[in-house]
Structures are given as C-alpha cells and as structure tokens.
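Data block for target-v9.tsv (TSV, C-alpha atoms and all ligand atoms):
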```tsv
chain	number	residue	atom	x	y	z
A	14	MET	CA	13.99	-21.36	-31.34
A	15	ASP	CA	12.58	-21.70	-34.83
A	16	ASN	CA	9.95	-19.00	-35.42
A	17	ALA	CA	7.41	-21.62	-36.50
A	18	GLN	CA	7.83	-23.36	-33.12
A	19	ALA	CA	7.84	-20.17	-31.05
A	20	PRO	CA	4.51	-19.36	-29.41
A	21	GLN	CA	2.86	-16.71	-31.57
A	22	PRO	CA	1.48	-13.59	-29.89
A	23	VAL	CA	-1.59	-11.75	-31.07
A	24	TYR	CA	-0.55	-8.36	-32.49
A	25	ARG	CA	-3.28	-5.92	-31.61
A	26	GLN	CA	-4.04	-2.28	-30.86
A	27	ALA	CA	-2.96	-1.27	-27.35
A	28	ARG	CA	-5.64	-0.82	-24.70
A	29	PHE	CA	-5.68	1.49	-21.74
A	30	ALA	CA	-5.26	-1.52	-19.45
A	31	ASP	CA	-1.94	-2.38	-21.19
A	32	LEU	CA	-0.21	0.82	-20.09
A	33	SER	CA	1.15	-0.54	-16.82
A	34	ASP	CA	2.61	-3.59	-18.63
A	35	ILE	CA	4.15	-1.29	-21.25
A	36	ALA	CA	5.65	0.93	-18.52
A	37	ALA	CA	7.07	-2.16	-16.79
A	38	LEU	CA	8.69	-3.36	-20.04
A	39	GLU	CA	10.07	0.15	-20.67
A	40	ALA	CA	11.75	0.02	-17.26
A	41	GLU	CA	13.15	-3.46	-17.99
A	42	VAL	CA	14.61	-2.60	-21.38
A	43	PHE	CA	15.69	1.07	-21.33
A	44	HIS	CA	18.04	3.03	-19.06
A	45	GLU	CA	15.79	6.08	-19.40
A	46	PRO	CA	12.32	4.60	-19.69
A	47	TYR	CA	9.16	6.49	-20.51
A	48	LEU	CA	7.12	6.49	-17.33
A	49	TYR	CA	3.50	5.51	-16.88
A	50	LEU	CA	2.36	9.11	-16.54
A	51	MET	CA	3.90	10.07	-19.91
A	52	LEU	CA	2.47	7.00	-21.60
A	53	ARG	CA	-0.94	7.66	-20.09
A	54	GLN	CA	-1.06	11.21	-21.45
A	55	LEU	CA	0.20	10.28	-24.91
A	56	TYR	CA	-2.18	7.32	-25.08
A	57	ASP	CA	-5.12	9.73	-25.06
A	58	LEU	CA	-3.94	11.32	-28.28
A	59	HIS	CA	-2.14	8.50	-30.04
A	60	GLY	CA	-3.32	5.16	-28.61
A	61	SER	CA	-5.06	4.21	-31.86
A	62	GLU	CA	-1.59	3.93	-33.43
A	63	TRP	CA	-0.08	1.80	-30.67
A	64	PHE	CA	0.48	-1.91	-31.09
A	65	VAL	CA	1.27	-4.61	-28.58
A	66	ALA	CA	2.31	-8.24	-28.88
A	67	ASP	CA	-0.05	-10.08	-26.53
A	68	LEU	CA	1.09	-13.54	-25.45
A	69	ASP	CA	-1.45	-15.37	-23.30
A	70	GLY	CA	-2.97	-12.12	-22.09
A	71	GLY	CA	0.32	-10.42	-21.20
A	72	VAL	CA	2.10	-7.67	-23.14
A	73	VAL	CA	5.51	-8.95	-24.30
A	74	GLY	CA	6.33	-6.19	-26.77
A	75	TYR	CA	5.08	-2.97	-28.24
A	76	ALA	CA	5.55	-0.42	-31.01
A	77	LEU	CA	4.17	3.01	-30.13
A	78	ILE	CA	3.70	5.61	-32.86
A	79	LEU	CA	3.10	9.35	-32.62
A	80	GLU	CA	1.62	10.65	-35.88
A	81	LYS	CA	1.00	14.23	-36.91
A	82	HIS	CA	0.53	15.85	-40.32
A	83	GLY	CA	1.64	12.73	-42.16
A	84	ARG	CA	4.82	12.18	-40.14
A	85	ALA	CA	4.78	9.10	-37.94
A	86	LEU	CA	7.46	8.77	-35.27
A	87	LEU	CA	8.26	5.34	-33.82
A	88	PHE	CA	8.32	6.77	-30.32
A	89	THR	CA	9.28	3.63	-28.45
A	90	PHE	CA	9.66	0.00	-29.41
A	91	ALA	CA	10.71	-3.05	-27.39
A	92	VAL	CA	10.31	-6.77	-26.82
A	93	ALA	CA	10.78	-8.44	-23.43
A	94	GLU	CA	14.42	-9.45	-23.13
A	95	GLU	CA	13.80	-13.17	-22.65
A	96	LEU	CA	11.55	-13.27	-25.74
A	97	GLN	CA	13.77	-11.41	-28.19
A	98	HIS	CA	15.07	-13.02	-31.42
A	99	ARG	CA	11.81	-14.82	-32.17
A	100	GLY	CA	10.56	-12.41	-34.81
A	101	TYR	CA	8.17	-10.50	-32.50
A	102	GLY	CA	9.98	-7.20	-33.08
A	103	ARG	CA	9.78	-7.48	-36.86
A	104	ALA	CA	6.11	-8.41	-36.63
A	105	LEU	CA	5.36	-5.34	-34.52
A	106	LEU	CA	7.28	-3.17	-36.96
A	107	ASP	CA	5.35	-4.58	-39.94
A	108	CYS	CA	2.03	-3.91	-38.15
A	109	ALA	CA	3.11	-0.35	-37.34
A	110	LEU	CA	4.25	0.35	-40.91
A	111	ASP	CA	1.01	-1.04	-42.31
A	112	ARG	CA	-1.08	1.05	-39.93
A	113	CYS	CA	0.86	4.25	-40.71
A	114	ALA	CA	0.43	3.64	-44.44
A	115	SER	CA	-3.30	2.96	-43.97
A	116	ILE	CA	-3.92	6.24	-42.13
A	117	GLY	CA	-2.24	8.12	-44.98
A	118	ALA	CA	1.04	9.02	-43.31
A	119	GLU	CA	3.75	9.88	-45.81
A	120	LEU	CA	6.74	9.07	-43.65
A	121	MET	CA	7.62	6.85	-40.73
A	122	TYR	CA	10.82	7.70	-38.93
A	123	LEU	CA	12.72	6.82	-35.79
A	124	THR	CA	15.91	7.50	-33.92
A	125	VAL	CA	18.32	4.82	-32.77
A	126	ARG	CA	21.59	4.88	-30.84
A	127	PRO	CA	24.43	4.31	-33.32
A	128	ASP	CA	25.71	1.44	-31.12
A	129	ASN	CA	22.33	-0.35	-31.06
A	130	TYR	CA	23.35	-2.68	-33.87
A	131	ASN	CA	20.55	-5.22	-33.36
A	132	ALA	CA	17.81	-2.64	-33.63
A	133	SER	CA	19.48	-0.80	-36.54
A	134	LYS	CA	19.86	-4.02	-38.47
A	135	LEU	CA	16.24	-4.93	-37.88
A	136	PHE	CA	15.03	-1.50	-39.02
A	137	LYS	CA	17.11	-1.67	-42.19
A	138	GLN	CA	15.89	-5.19	-42.94
A	139	ALA	CA	12.34	-3.85	-42.62
A	140	GLY	CA	13.11	-1.15	-45.21
A	141	PHE	CA	14.17	1.89	-43.18
A	142	VAL	CA	17.04	3.92	-44.60
A	143	PHE	CA	19.61	6.11	-42.87
A	144	ALA	CA	18.64	9.80	-43.04
A	145	GLU	CA	21.08	11.62	-40.74
A	146	HIS	CA	23.30	11.37	-37.68
A	147	ASP	CA	22.95	13.91	-34.87
A	148	ASP	CA	25.75	13.89	-32.26
A	149	GLN	CA	23.60	15.62	-29.67
A	150	TYR	CA	20.09	14.55	-30.58
A	151	PHE	CA	19.11	14.17	-26.90
A	152	GLY	CA	21.86	16.48	-25.59
A	153	LEU	CA	25.55	15.96	-24.85
A	154	GLY	CA	26.72	12.37	-25.15
A	155	GLU	CA	23.39	11.24	-26.62
A	156	PRO	CA	23.95	10.74	-30.36
A	157	ARG	CA	21.23	9.25	-32.49
A	158	ASP	CA	20.87	8.08	-36.07
A	159	VAL	CA	17.64	9.08	-37.76
A	160	LEU	CA	16.16	6.41	-40.05
A	161	ARG	CA	13.20	6.93	-42.31
A	162	TYR	CA	10.71	4.92	-44.34
A	163	PRO	CA	8.91	6.84	-47.13
A	164	LEU	CA	5.50	5.19	-46.99
A	165	ALA	CA	4.79	5.80	-50.68
A	166	GLU	CA	7.18	2.85	-51.08
A	167	TYR	CA	5.24	0.62	-48.67
A	168	ASP	CA	3.17	-2.16	-50.15
A	169	SER	CA	2.14	-5.09	-47.96
A	170	ARG	CA	2.17	-7.28	-51.11
A	171	ASN	CA	5.97	-7.07	-51.04
A	172	LEU	CA	6.01	-8.98	-47.75
A	173	GLY	CA	6.39	-12.75	-47.67
A	174	ALA	CA	3.22	-14.85	-47.47
A	175	ASP	CA	3.46	-15.39	-43.67
A	176	GLU	CA	4.20	-11.73	-43.02
A	177	GLN	CA	1.32	-10.65	-45.24
A	178	SER	CA	-1.18	-12.82	-43.42
A	179	ARG	CA	0.14	-11.56	-40.07
A	180	VAL	CA	-0.35	-7.96	-41.21
A	181	MET	CA	-3.90	-8.84	-42.35
A	182	ARG	CA	-4.64	-10.31	-38.91
A	183	CYS	CA	-3.20	-7.18	-37.38
A	184	ARG	CA	-5.63	-5.06	-39.42
A	185	LEU	CA	-8.55	-7.21	-38.26
A	186	GLU	CA	-7.41	-7.10	-34.63
A	187	HIS	CA	-7.25	-3.34	-34.90
A	188	ARG	CA	-10.99	-2.82	-35.29
B	201	LIG	C1	14.98	-4.04	-31.05
B	201	LIG	C2	14.06	-5.13	-30.50
B	201	LIG	C3	12.66	-4.53	-30.28
B	201	LIG	C4	13.96	-6.27	-31.54
B	201	LIG	O1	13.02	-7.23	-31.06
B	201	LIG	P1	13.14	-8.78	-31.44
B	201	LIG	O2	11.84	-9.39	-31.10
B	201	LIG	O3	14.35	-9.37	-30.87
B	201	LIG	O4	13.28	-8.67	-33.03
B	201	LIG	P2	13.28	-9.88	-34.07
B	201	LIG	O5	13.28	-11.19	-33.37
B	201	LIG	O6	12.17	-9.62	-35.04
B	201	LIG	O7	14.63	-9.66	-34.84
B	201	LIG	C5	15.84	-9.52	-34.14
B	201	LIG	C6	16.84	-10.51	-34.60
B	201	LIG	O8	16.37	-11.80	-34.27
B	201	LIG	C7	16.50	-12.65	-35.42
B	201	LIG	N1	15.51	-13.67	-35.26
B	201	LIG	C8	14.21	-13.60	-35.56
B	201	LIG	N2	13.65	-14.78	-35.28
B	201	LIG	C9	14.63	-15.57	-34.78
B	201	LIG	C10	14.68	-16.90	-34.29
B	201	LIG	N3	13.61	-17.67	-34.27
B	201	LIG	N4	15.84	-17.38	-33.79
B	201	LIG	C11	16.94	-16.60	-33.79
B	201	LIG	N5	16.97	-15.35	-34.25
B	201	LIG	C12	15.82	-14.86	-34.74
B	201	LIG	C13	16.25	-11.71	-36.55
B	201	LIG	O9	16.73	-12.23	-37.78
B	201	LIG	C14	17.08	-10.58	-36.07
B	201	LIG	O10	18.44	-10.98	-36.15
B	201	LIG	P3	19.45	-10.22	-37.01
B	201	LIG	O11	19.38	-8.79	-36.49
B	201	LIG	O12	20.75	-10.89	-36.75
B	201	LIG	O13	18.94	-10.41	-38.39
B	201	LIG	C15	14.60	-5.73	-29.18
B	201	LIG	O14	15.93	-6.16	-29.42
B	201	LIG	C16	14.58	-4.78	-28.02
B	201	LIG	O15	13.58	-4.64	-27.32
B	201	LIG	N6	15.73	-4.11	-27.77
B	201	LIG	C17	15.86	-3.19	-26.65
B	201	LIG	C18	15.06	-1.94	-26.88
B	201	LIG	C19	15.51	-1.23	-28.13
B	201	LIG	O16	16.70	-1.13	-28.42
B	201	LIG	N7	14.51	-0.72	-28.88
B	201	LIG	C20	14.76	0.02	-30.10
B	201	LIG	C21	15.10	1.43	-29.74
B	201	LIG	S1	15.30	2.40	-31.18
```

Now, as a test, write the supplied structure out as structure tokens.
Amino acid sequence: MDNAQAPQPVYRQARFADLSDIAALEAEVFHEPYLYLMLRQLYDLHGSEWFVADLDGGVVGYALILEKHGRALLFTFAVAEELQHRGYGRALLDCALDRCASIGAELMYLTVRPDNYNASKLFKQAGFVFAEHDDQYFGLGEPRDVLRYPLAEYDSRNLGADEQSRVMRCRLEHR
C-alpha cells in the first residue's frame, strides 16, 4: 500500500492505559517479550519518553526509550505484523529521535540481532551507525549489533517535508 493511502496513526506519548496493548504486541512480535509487569514498572520512570502509534484508538506500534545521563536506549520497538511496511516504524523512530534530542540526550542507541535485516536497514536509513558487535550480548547464542545515533547530528530540518510535519505533530501530541 502506498504510504499516502495507508491510514495514518496518531503518534503520541504512551499512556498508562496503553500498557496492556503494548504487552500484547510484544507477545505477538518477539520470542522473548517484555511482560506487562516489567513494562508497568519501567513506565513509572520512563513513560514520558515512550511513543505509540494509535490507529482508531488502538496501539499498533511503539518505540519505548530508557534515558539516563544523556544516553537514551531504544529499549523495545515494534509494529503489529499485519501493519508493517507502511512507514509506521520509521515515523515512531523519528518521533523518538526528536524527543531524545529535545530532552538534551547526547546519544540514542539500540541493539539488534545481526540477522534482523529489516530492522537494521530501517535504523541505518534513519541515521543510526554500527558501533560494535557483541557475540554474547544477552548470553550464549544471543549476539547483538549495537547501533548508535549521536544526537548532536540530529536536526529535524534535515527530514523531508512530510516527516518534519509529522515530527511537529508528535511534539504537539506529547504535551
Ligand atoms: C522493525 C519494525 C518495527 C519496522 O516497522 P515497519 O512499520 O515495518 O517499518 P517501516 O514501514 O517504516 O519500514 C520498513 C520497511 O517498509 C518499507 N515501507 C515503508 N512504507 C512502505 C509501503 N507503503 N509499502 C511498502 N514498503 C514500505 C520501508 O522502506 C522499509 O523497507 P526497506 O527496509 O526495504 O527500506 C517491524 O518490522 C517490527 O515490528 N519487527 C519485529 C520487531 C523488531 O524486530 N523490532 C526491532 C528490534 S531491534
């Protein structure tokens, strides 16, 4: 589907009431999902940096950030399987980057399985760069690539016109 024809979600800050939808999507998309109880605890500290894609009142994607001392980790990130490849993931990523830059974080980083080509490609298109590979990041048989985005290099004016206006709406929705 052409992105212009795809229904467009609202990208907004996550609310407490979204946590069960986020947990359900985690379980749909990941083999080892973060559970509701973990999300609920982390939400208390970090919910102001969590974004969801809201389509007709339902959460269809999310980008959850954990920030401390200027380092912002993309903790988990997903779009509902049947709604992938419509640009929702990139939009969430742009909102998250913009938010991290606006709170003064110096670095956004993430880990990705080396065989997760779709996600890696999306991150690199958004401006993340490879930082390191760790063969046992999450223990034996759990390698991860670490990608980073130095936020001194972030400037929303470098986005295309549509992306810029989406990021602006995201800022407004965040209040
Ligand atoms: C990674 C993930 C969040 C991306 O979400 P998404 O909504 O599919 O992302 P986008 O649509 O913005 O971009 C993905 C691809 O779709 C393409 N795309 C975007 N709009 C499109 C459209 N209308 N039609 C076809 N393709 C489109 C993008 O160009 C990109 O393709 P490319 O990688 O070949 O360039 C999603 O694949 C996901 O949830 N994966 C499982 C969980 C996961 O791996 N999370 C990351 C862990 S680190």

Practice task
Counting all atoms listed in the file, figure out which residue out of A:Tyr24, A:Phe29, A:Tyr49, A:Phe43 gets nearest to ligand LIG 201 (chain B).
Solution key: A:Phe43

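Once all atoms listed in the file are used for the distance check, the residues close to ligand LIG 201 (chain B) at 6 Å turn out to be Met14, Asp15, Asn16, Val42, Phe90, Ala91, Val92, Gln97, His98, Arg99, Gly100, Tyr101, Gly102, Arg103, Thr124, Val125, Asn131, Ala132, Lys134 and Leu135 of chain A.
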
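Remark: for His187 (chain A), the closest of the candidate residues A:Glu62, A:Asp148, A:Asp57, A:Asp128 is A:Glu62 (distances computed over all atoms listed in the file).
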
Fill in the blank from the handout: Restricting to all atoms listed in the file, whichever of A:Leu86, A:Val23, A:Leu123, A:Ala139 is closest to Arg179 (chain A) is A:Val23

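For the choices A:Ala93, A:Leu87, A:Cys183, A:Gly173, the atom-to-atom distance to Arg161 (chain A) is smallest for A:Leu87 when using all atoms listed in the file.
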
Ref. answer, residues at most 6 Å from (0.6, -9.8, -27.4) with all atoms listed in the file, as a tab-separated table (two decimals) with C-alpha atoms, keeping the file's coordinate frame:
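Once everything was written out, this is out-v4.tsv:
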```tsv
chain	number	residue	atom	x	y	z
A	22	PRO	CA	1.48	-13.59	-29.89
A	23	VAL	CA	-1.59	-11.75	-31.07
A	24	TYR	CA	-0.55	-8.36	-32.49
A	65	VAL	CA	1.27	-4.61	-28.58
A	66	ALA	CA	2.31	-8.24	-28.88
A	67	ASP	CA	-0.05	-10.08	-26.53
A	68	LEU	CA	1.09	-13.54	-25.45
A	72	VAL	CA	2.10	-7.67	-23.14
A	73	VAL	CA	5.51	-8.95	-24.30
```

Problem - Long-range neighbours of His59 (chain A) as an MDAnalysis selection string, 10 Å cut-off, only C-alpha atoms, 5 positions minimum in chain - result: chainID A and resid 52 54 77:81

Completion exercise
CA of Glu186 (chain A) sits from CA of Ala30 (chain A) at a separation of 16.3 Å

Problem - Contacts of region 151-158 of chain A within 8 Å, all atoms listed in the file, excl. fewer than 3 positions in-chain, as a count of residues only - result: 10

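Proximity ranking of A:Asp168, A:Glu45, A:Asp107, A:Glu176 relative to Ala76 (chain A) places A:Asp107 first, based on all atoms listed in the file.
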
Problem - CA of Gly117 (chain A) to CA of Phe64 (chain A), straight-line distance in Å - result: 17.3 Å

Exercise for the section: Would you please work out which residue, of A:Ser178, A:Asn129, A:Ser169, A:Thr89, is nearest to Pro46 (chain A) when using only C-alpha atoms? Expected result: A:Thr89
